[in-house]
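Enquirer: Below you'll find data02.cif; it's mmCIF, C-alpha atoms.
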data_run
loop_
_atom_site.label_atom_id
_atom_site.label_comp_id
_atom_site.auth_asym_id
_atom_site.auth_seq_id
_atom_site.Cartn_x
_atom_site.Cartn_y
_atom_site.Cartn_z
CA MET A 294 -61.92 111.57 -29.24
CA THR A 295 -61.09 115.18 -29.89
CA ASP A 296 -64.17 116.42 -31.76
CA ASN A 297 -66.42 116.41 -28.67
CA SER A 298 -69.23 114.70 -30.58
CA VAL A 299 -69.82 112.33 -27.66
CA LEU A 300 -69.59 113.32 -24.00
CA LEU A 301 -68.57 110.70 -21.44
CA GLU A 302 -69.33 111.39 -17.79
CA LYS A 303 -69.41 109.32 -14.63
CA ARG A 304 -72.26 110.33 -12.34
CA GLY A 305 -72.05 108.28 -9.18
CA GLN A 306 -72.28 104.65 -10.26
CA ALA A 307 -73.84 105.53 -13.61
CA PHE A 308 -71.76 106.17 -16.74
CA TRP A 309 -73.45 108.65 -19.08
CA ILE A 310 -72.81 108.58 -22.82
CA THR A 311 -74.28 111.66 -24.50
CA ILE A 312 -74.32 112.20 -28.26
CA ASN A 313 -73.36 115.85 -28.48
CA ARG A 314 -74.51 117.05 -31.91
CA PRO A 315 -77.81 118.79 -31.09
CA ASP A 316 -77.49 121.10 -34.10
CA LYS A 317 -77.43 117.96 -36.31
CA ARG A 318 -80.21 116.22 -34.37
CA ASN A 319 -77.48 114.05 -32.82
CA ALA A 320 -76.98 112.29 -36.14
CA LEU A 321 -74.54 109.42 -36.43
CA ASN A 322 -71.14 109.82 -38.01
CA ALA A 323 -67.81 108.04 -37.51
CA GLY A 324 -66.95 110.15 -34.48
CA VAL A 325 -70.25 109.44 -32.75
CA ILE A 326 -70.02 105.70 -33.32
CA ALA A 327 -66.43 105.63 -32.07
CA GLY A 328 -67.37 107.76 -29.05
CA ILE A 329 -70.23 105.52 -27.98
CA ALA A 330 -68.02 102.44 -28.33
CA LYS A 331 -65.33 104.16 -26.27
CA GLY A 332 -67.91 104.91 -23.60
CA TYR A 333 -69.03 101.29 -23.40
CA ARG A 334 -65.44 100.14 -23.00
CA GLU A 335 -64.62 102.73 -20.35
CA ALA A 336 -67.76 101.84 -18.41
CA HIS A 337 -66.79 98.17 -18.38
CA ASP A 338 -63.20 98.93 -17.37
CA ASP A 339 -64.39 100.88 -14.32
CA LYS A 340 -65.43 98.50 -11.55
CA ASP A 341 -67.39 101.23 -9.78
CA VAL A 342 -69.73 101.71 -12.75
CA ARG A 343 -72.94 99.74 -12.41
CA VAL A 344 -75.08 101.05 -15.27
CA ILE A 345 -74.70 102.87 -18.60
CA VAL A 346 -77.06 105.64 -19.70
CA LEU A 347 -77.16 106.48 -23.42
CA THR A 348 -78.79 109.75 -24.46
CA GLY A 349 -78.63 112.71 -26.82
CA ALA A 350 -77.88 116.35 -26.02
CA GLY A 351 -80.74 118.84 -26.09
CA ASP A 352 -84.47 118.16 -26.20
CA LYS A 353 -84.97 117.85 -29.96
CA ALA A 354 -83.40 114.49 -30.71
CA PHE A 355 -82.09 111.30 -29.15
CA CYS A 356 -80.57 110.35 -32.49
CA ALA A 357 -82.00 110.99 -35.96
CA GLY A 358 -79.93 108.30 -37.66
CA ALA A 359 -77.07 108.70 -40.12
CA ASP A 360 -75.86 112.19 -40.95
CA LEU A 361 -77.35 112.70 -44.42
CA GLN A 362 -75.78 116.12 -44.86
CA ASN A 363 -72.89 114.19 -46.34
CA SER A 364 -74.73 111.25 -47.82
CA GLY A 365 -71.68 109.97 -49.63
CA ALA A 366 -69.88 109.54 -46.33
CA ALA A 367 -72.96 108.18 -44.54
CA PHE A 368 -73.29 105.19 -46.85
CA SER A 369 -69.74 104.78 -48.09
CA MET A 370 -68.29 101.33 -47.50
CA ASP A 371 -64.86 99.80 -47.54
CA PHE A 372 -65.78 96.61 -49.37
CA SER A 373 -62.50 94.97 -48.35
CA ARG A 374 -63.88 94.86 -44.78
CA PRO A 375 -66.53 92.25 -43.92
CA ASN A 376 -67.79 94.40 -41.04
CA VAL A 377 -68.76 98.04 -40.52
CA ASP A 378 -68.30 100.23 -37.44
CA TYR A 379 -72.01 100.65 -36.66
CA ALA A 380 -72.51 96.88 -36.74
CA ASP A 381 -69.46 96.45 -34.50
CA LEU A 382 -71.03 98.89 -32.02
CA LEU A 383 -74.21 96.80 -31.91
CA ARG A 384 -72.08 93.68 -31.38
CA LEU A 385 -70.23 95.40 -28.55
CA SER A 386 -73.50 96.37 -26.87
CA GLN A 387 -74.89 92.85 -27.05
CA ASN A 388 -71.77 91.37 -25.45
CA ALA A 389 -71.83 93.96 -22.65
CA THR A 390 -72.24 92.65 -19.10
CA LYS A 391 -73.37 95.94 -17.54
CA PRO A 392 -76.96 97.07 -18.05
CA ALA A 393 -77.71 100.06 -20.26
CA ILE A 394 -80.63 102.48 -20.23
CA ALA A 395 -81.67 104.64 -23.19
CA ARG A 396 -82.86 108.10 -22.14
CA VAL A 397 -84.90 109.23 -25.13
CA GLY A 398 -85.73 112.92 -24.94
CA GLY A 399 -86.29 113.65 -28.61
CA VAL A 400 -86.79 112.15 -32.05
CA CYS A 401 -85.45 108.60 -32.51
CA MET A 402 -85.11 107.55 -36.13
CA ALA A 403 -83.26 105.06 -38.35
CA GLY A 404 -79.87 104.26 -36.84
CA GLY A 405 -81.07 105.89 -33.63
CA MET A 406 -83.58 103.06 -33.38
CA GLY A 407 -80.64 100.68 -33.39
CA LEU A 408 -79.09 102.58 -30.48
CA LEU A 409 -82.42 102.35 -28.66
CA CYS A 410 -82.65 98.61 -29.28
CA MET A 411 -79.07 97.91 -28.18
CA THR A 412 -79.86 99.00 -24.61
CA ASP A 413 -81.57 96.83 -21.99
CA MET A 414 -84.19 99.36 -20.88
CA ALA A 415 -85.56 102.61 -22.23
CA VAL A 416 -87.41 105.66 -20.94
CA ALA A 417 -88.86 108.22 -23.35
CA GLY A 418 -90.68 111.51 -23.21
CA ASP A 419 -94.31 111.34 -24.29
CA GLN A 420 -93.67 113.80 -27.14
CA VAL A 421 -90.99 111.66 -28.83
CA ILE A 422 -91.50 110.44 -32.40
CA PHE A 423 -89.91 107.21 -33.66
CA GLY A 424 -89.44 105.72 -37.10
CA LEU A 425 -87.50 103.78 -39.70
CA PRO A 426 -87.57 106.20 -42.66
CA GLU A 427 -84.73 104.59 -44.61
CA VAL A 428 -86.95 103.55 -47.53
CA LYS A 429 -87.64 107.24 -48.15
CA VAL A 430 -84.00 107.72 -49.20
CA GLY A 431 -83.60 104.42 -51.01
CA VAL A 432 -82.01 102.29 -48.30
CA PHE A 433 -83.29 99.93 -45.60
CA PRO A 434 -82.76 99.55 -41.80
CA MET A 435 -80.70 96.40 -42.31
CA GLN A 436 -78.57 96.41 -39.17
CA VAL A 437 -81.33 97.81 -36.96
CA LEU A 438 -83.50 94.81 -37.86
CA SER A 439 -80.97 92.47 -36.27
CA LEU A 440 -82.04 93.75 -32.85
CA LEU A 441 -85.50 95.17 -33.54
CA GLN A 442 -87.01 91.89 -34.75
CA SER A 443 -86.42 90.25 -31.36
CA ILE A 444 -88.13 93.12 -29.50
CA ALA A 445 -91.19 94.27 -31.46
CA PRO A 446 -94.00 92.22 -33.06
CA PRO A 447 -93.22 91.17 -36.66
CA ARG A 448 -96.28 92.84 -38.18
CA LEU A 449 -95.32 96.18 -36.68
CA VAL A 450 -91.69 95.82 -37.72
CA ASN A 451 -92.87 95.07 -41.25
CA GLU A 452 -95.03 98.18 -41.31
CA TRP A 453 -92.38 100.47 -39.87
CA ALA A 454 -89.61 99.24 -42.18
CA LEU A 455 -91.66 98.97 -45.38
CA THR A 456 -93.63 102.20 -45.12
CA GLY A 457 -91.06 104.38 -43.35
CA GLU A 458 -93.90 106.13 -41.54
CA PRO A 459 -93.26 107.58 -38.04
CA PHE A 460 -95.04 106.51 -34.85
CA ASP A 461 -95.45 107.95 -31.38
CA ALA A 462 -94.15 107.02 -27.94
CA ALA A 463 -97.36 105.27 -26.90
CA THR A 464 -97.06 102.97 -29.92
CA ALA A 465 -93.38 102.36 -29.16
CA LYS A 466 -94.19 101.36 -25.59
CA ALA A 467 -97.06 99.09 -26.64
CA ALA A 468 -94.67 97.40 -29.09
CA GLY A 469 -92.12 96.70 -26.34
CA LEU A 470 -89.51 99.26 -27.37
CA LEU A 471 -89.87 101.28 -24.16
CA ASN A 472 -90.23 100.50 -20.48
CA TYR A 473 -91.68 103.88 -19.54
CA VAL A 474 -93.19 106.91 -21.25
CA VAL A 475 -93.33 110.05 -19.13
CA PRO A 476 -93.87 113.78 -19.60
CA ALA A 477 -90.68 115.45 -20.81
CA ALA A 478 -90.27 117.30 -17.50
CA GLU A 479 -90.22 113.98 -15.64
CA LEU A 480 -87.75 112.17 -17.91
CA ASP A 481 -84.63 112.67 -15.80
CA ALA A 482 -86.42 111.76 -12.58
CA LYS A 483 -87.63 108.49 -14.11
CA VAL A 484 -84.17 107.63 -15.43
CA ASP A 485 -82.69 108.35 -11.98
CA TRP A 486 -85.38 106.15 -10.42
CA LEU A 487 -84.48 103.29 -12.74
CA ILE A 488 -80.75 103.74 -12.09
CA GLY A 489 -81.49 103.51 -8.37
CA ARG A 490 -83.29 100.21 -8.88
CA ILE A 491 -80.16 98.76 -10.49
CA VAL A 492 -77.24 100.06 -8.44
CA ASP A 493 -78.50 98.60 -5.15
CA LYS A 494 -78.59 95.07 -6.57
CA SER A 495 -75.77 92.52 -6.85
CA PRO A 496 -73.32 93.49 -9.60
CA THR A 497 -72.20 89.88 -9.83
CA ALA A 498 -75.73 88.60 -10.35
CA ILE A 499 -76.40 91.25 -13.00
CA ARG A 500 -73.11 90.64 -14.80
CA ARG A 501 -73.47 86.86 -14.89
CA GLY A 502 -77.19 87.16 -15.60
CA LYS A 503 -76.69 89.36 -18.65
CA TYR A 504 -74.03 86.98 -19.90
CA ALA A 505 -76.43 84.05 -19.53
CA MET A 506 -79.33 85.91 -21.17
CA ARG A 507 -77.14 86.57 -24.19
CA ALA A 508 -75.91 82.96 -24.29
CA ILE A 509 -79.36 81.34 -24.26
CA ALA A 510 -81.00 83.73 -26.73
CA SER A 511 -80.60 81.33 -29.66
CA MET A 512 -80.68 78.04 -27.75
CA SER A 513 -83.44 75.47 -27.76
CA PHE A 514 -85.22 74.87 -24.45
CA ASP A 515 -83.21 71.73 -23.75
CA GLU A 516 -79.93 73.54 -24.42
CA SER A 517 -81.03 76.56 -22.41
CA ILE A 518 -82.17 74.67 -19.33
CA ALA A 519 -78.97 72.60 -19.26
CA TYR A 520 -76.88 75.74 -19.48
CA THR A 521 -78.83 77.72 -16.91
CA GLU A 522 -78.94 74.95 -14.30
CA SER A 523 -75.15 74.91 -14.33
CA GLN A 524 -75.01 78.71 -14.22
CA ILE A 525 -77.21 79.00 -11.11
CA ALA A 526 -74.95 76.49 -9.35
CA LEU A 527 -71.90 78.61 -10.18
CA LEU A 528 -73.64 81.84 -9.21
CA ALA A 529 -74.57 80.39 -5.82
CA MET A 530 -70.86 80.01 -5.04
CA THR A 531 -70.08 83.72 -5.50
CA GLU A 532 -69.45 86.09 -2.60
CA ASP A 533 -72.43 88.23 -3.59
CA ALA A 534 -74.80 85.26 -3.46
CA LYS A 535 -73.54 84.24 -0.04
CA GLU A 536 -73.80 87.83 1.21
CA GLY A 537 -77.29 88.23 -0.23
CA LEU A 538 -78.61 85.13 1.51
CA LYS A 539 -76.89 86.06 4.77
CA ALA A 540 -78.29 89.61 4.67
CA PHE A 541 -81.77 88.26 3.97
CA GLY A 542 -81.57 86.00 7.00
CA GLU A 543 -80.28 88.85 9.15
CA LYS A 544 -82.94 91.27 7.85
CA ARG A 545 -80.43 93.88 6.65
CA LYS A 546 -79.30 95.40 3.38
CA PRO A 547 -76.52 93.42 1.69
CA THR A 548 -73.07 94.85 1.18
CA TRP A 549 -72.10 93.86 -2.33
CA THR A 550 -68.46 93.27 -3.28
CA GLY A 551 -69.16 92.36 -6.89
CA ARG A 552 -67.35 89.06 -6.46
#
Could you quickly redo this structure as structure tokens?

Expert:
Amino acid sequence: MTDNSVLLEKRGQAFWITINRPDKRNALNAGVIAGIAKGYREAHDDKDVRVIVLTGAGDKAFCAGADLQNSGAAFSMDFSRPNVDYADLLRLSQNATKPAIARVGGVCMAGGMGLLCMTDMAVAGDQVIFGLPEVKVGVFPMQVLSLLQSIAPPRLVNEWALTGEPFDAATAKAAGLLNYVVPAAELDAKVDWLIGRIVDKSPTAIRRGKYAMRAIASMSFDESIAYTESQIALLAMTEDAKEGLKAFGEKRKPTWTGR
């Protein structure tokens, strides 16, 4: 990354990925997609990192979707490839074993909705506007739907995708897209609060738990319960599980090793 379109910064045990194109409403282009993917990989390679925070620079936009200033580039495809970079980023996020928080301080549209949905938790300012406006320019939120349909109610997803009309933060929270909606001035404090609720927990439990949640997502109940009963037995043998139970009995805070 040499174009500075994505900033990567470690803040304590949190790894911040910031889309740095505020003058373009943090719109997606090849550099942004590559930068976010790089951030996810770096965060997972660093054992001290416990949580990822994805956000956009400035207070106008989280991410407004594809950069339509060069529409030919935005929707150009190499048809010899069965996959595209944005889809690969969503795949990468879903296979991640460290939790991610979306900090949404401004407009979240189109492909930005996919970035929102690829995280585990989300906090937004109460002034933020959301939407899937792709039909207004003759396309459709195809890849976003792969994640959105498992989060929001079908009737709402239908309305958003088919009409392209925007909606507010209260609607987004009611639909399950957001964990918290706060005044803009309180956004960072709420994100820090949520980070704090993650980094003091067992990294092993979170890592194995996220892996299991991903694995059982498409299983039947019988498949899921068989898988998870074996997973809890394995988890109980980890150093973190033994330390957690010991600390509970001794009425003290556990010292996690992540093993």

Enquirer: Let me know the residues the PyMOL selection byres ((chain A and resi 476) around 9) catches in the file above, as a ChimeraX atom specification.

Expert: /A:417-420,474-475,477-480

Enquirer: Report the distance between atom CA of Phe460 of chain A and atom CA of Met406 of chain A in Å, rounded to one decimal place.

Expert: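 Distance between the two atoms: 12.1 Å.
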
Enquirer: What does the distance between atom CA of Val400 of chain A and atom CA of Arg318 of chain A come to in Å, to one decimal place?

Expert: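 Separation of atom CA of Val400 of chain A and atom CA of Arg318 of chain A: 8.1 Å.
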
Enquirer: Around segment 331-338 of chain A, with edges along x, y and z and 6 Å added on all six sides, what centre and edge lengths do you get, in Å to one decimal, as AutoDock Vina command-line options?

Expert:
--center_x -66.1 --center_y 101.5 --center_z -21.8 --size_x 17.8 --size_y 18.7 --size_z 20.9

Enquirer: Write out as a list in words which residues come within 12 Å of segment 445-447 of chain A when counting only C-alpha atoms, dropping same-chain ones fewer than 4 positions away.

Expert: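 Counting only the stated atoms, we get Met406, Cys410, Val437, Leu438, Ser439, Leu440, Leu441, Asn451, Glu452, Trp453, Ala454, Leu455, Thr464, Ala465, Lys466, Ala467, Ala468, Gly469, Leu470 and Leu471 of chain A.
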
Enquirer: When you draw a straight line from atom CA of Ala320 of chain A to atom CA of Cys356 of chain A, how long is it in Å?

Expert: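 These two atoms are separated by 5.5 Å.
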
Enquirer: Within 8 Å of segment 300-308 of chain A, counting all atoms listed in the file, which residues show up once you throw out same-chain ones fewer than 2 positions away? Write them as an mmCIF file with C-alpha atoms, keeping the file's coordinate frame, please.

Expert:
data_model
loop_
_atom_site.group_PDB
_atom_site.id
_atom_site.type_symbol
_atom_site.label_atom_id
_atom_site.label_comp_id
_atom_site.auth_asym_id
_atom_site.auth_seq_id
_atom_site.Cartn_x
_atom_site.Cartn_y
_atom_site.Cartn_z
ATOM 1 C CA ASN A 297 -66.420 116.410 -28.670
ATOM 2 C CA SER A 298 -69.230 114.700 -30.580
ATOM 3 C CA ILE A 310 -72.810 108.580 -22.820
ATOM 4 C CA THR A 311 -74.280 111.660 -24.500
ATOM 5 C CA ILE A 312 -74.320 112.200 -28.260
ATOM 6 C CA ASN A 313 -73.360 115.850 -28.480
ATOM 7 C CA GLY A 328 -67.370 107.760 -29.050
ATOM 8 C CA GLY A 332 -67.910 104.910 -23.600
ATOM 9 C CA ALA A 336 -67.760 101.840 -18.410
ATOM 10 C CA ASP A 341 -67.390 101.230 -9.780
ATOM 11 C CA VAL A 342 -69.730 101.710 -12.750
ATOM 12 C CA ARG A 343 -72.940 99.740 -12.410
ATOM 13 C CA VAL A 344 -75.080 101.050 -15.270
ATOM 14 C CA ILE A 345 -74.700 102.870 -18.600
ATOM 15 C CA VAL A 346 -77.060 105.640 -19.700
ATOM 16 C CA ILE A 488 -80.750 103.740 -12.090
ATOM 17 C CA VAL A 492 -77.240 100.060 -8.440
#

Enquirer: Using all atoms listed in the file, can you tell me which of A:Thr497, A:Met411, A:Gly399, A:Ala389 comes closest to Ala462 of chain A?

Expert: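 Looking only at the distances to Ala462 of chain A, the closest residue turns out to be A:Gly399.
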
Enquirer: Go through A:Ala510, A:Ala540, A:Leu383, A:Ala498 and flag the residue nearest Ile525 of chain A, using all atoms listed in the file for the distances.

Expert: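 Using all atoms listed in the file, the shortest distance to Ile525 of chain A belongs to A:Ala498.
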
Enquirer: Do you know which residues lie at most 9 Å from (-81.4, 110.5, -36.3), with coordinates as in the file and only C-alpha atoms counted, and could you write them as a PyMOL selection string?

Expert: chain A and resi 317-321+354-360+400-406

Enquirer: Carefully work through the PyMOL selection byres ((chain A and resi 495) around 7) for this structure and note down the residues it includes, as a list of chain:residue names.

Expert: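 On this input, the PyMOL selection byres ((chain A and resi 495) around 7) captures A:Asp493, A:Lys494, A:Pro496, A:Thr497, A:Ala498, A:Ile499, A:Asp533, A:Trp549, A:Gly551.
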
Enquirer: Quick check on the file I pasted: which residues fall under the PyMOL selection byres ((chain A and resi 484) around 9)? Write them as a list of chain:residue names.

Expert: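 After applying the PyMOL selection byres ((chain A and resi 484) around 9), what remains is A:Val346, A:Ile394, A:Ala395, A:Arg396, A:Ala415, A:Val416, A:Glu479, A:Leu480, A:Asp481, A:Ala482, A:Lys483, A:Asp485, A:Trp486, A:Leu487, A:Ile488, A:Gly489.
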
Enquirer: Name the closest residue to Gln436 of chain A among the candidates A:Lys544, A:Arg552, A:Arg384, A:Lys539; distances are taken between atoms, counting only C-alpha atoms.

Expert: A:Arg384

Enquirer: Give as a list in words each residue that has an atom at most 10 Å from (-72.2, 99.4, -39.5) in the file, counting all atoms listed in the file.

Expert: Ala323, Ile326, Phe368, Met370, Asn376, Val377, Asp378, Tyr379, Ala380, Asp381, Leu382, Leu383, Arg384, Gly404, Met435, Gln436 and Val437 of chain A

Enquirer: What's around Ala505 of chain A at 8 Å? Count all atoms listed in the file, leave out sequence neighbours fewer than 4 positions away in its own chain, and write the answer as a PyMOL selection string.

Expert: chain A and resi 501+509+521+524

Enquirer: From the options A:His337, A:Asp515, A:Ala327, A:Gly349, which residue's atoms come nearest to Pro315 of chain A, counting only C-alpha atoms?

Expert: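 Ranked by minimum distance to Pro315 of chain A, first place goes to A:Gly349.
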
Enquirer: Tell me which of A:Gln442, A:Ser511, A:Thr456, A:Thr550 sits closest to Gly424 of chain A, counting only C-alpha atoms.

Expert: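 Ranked by minimum distance to Gly424 of chain A, first place goes to A:Thr456.
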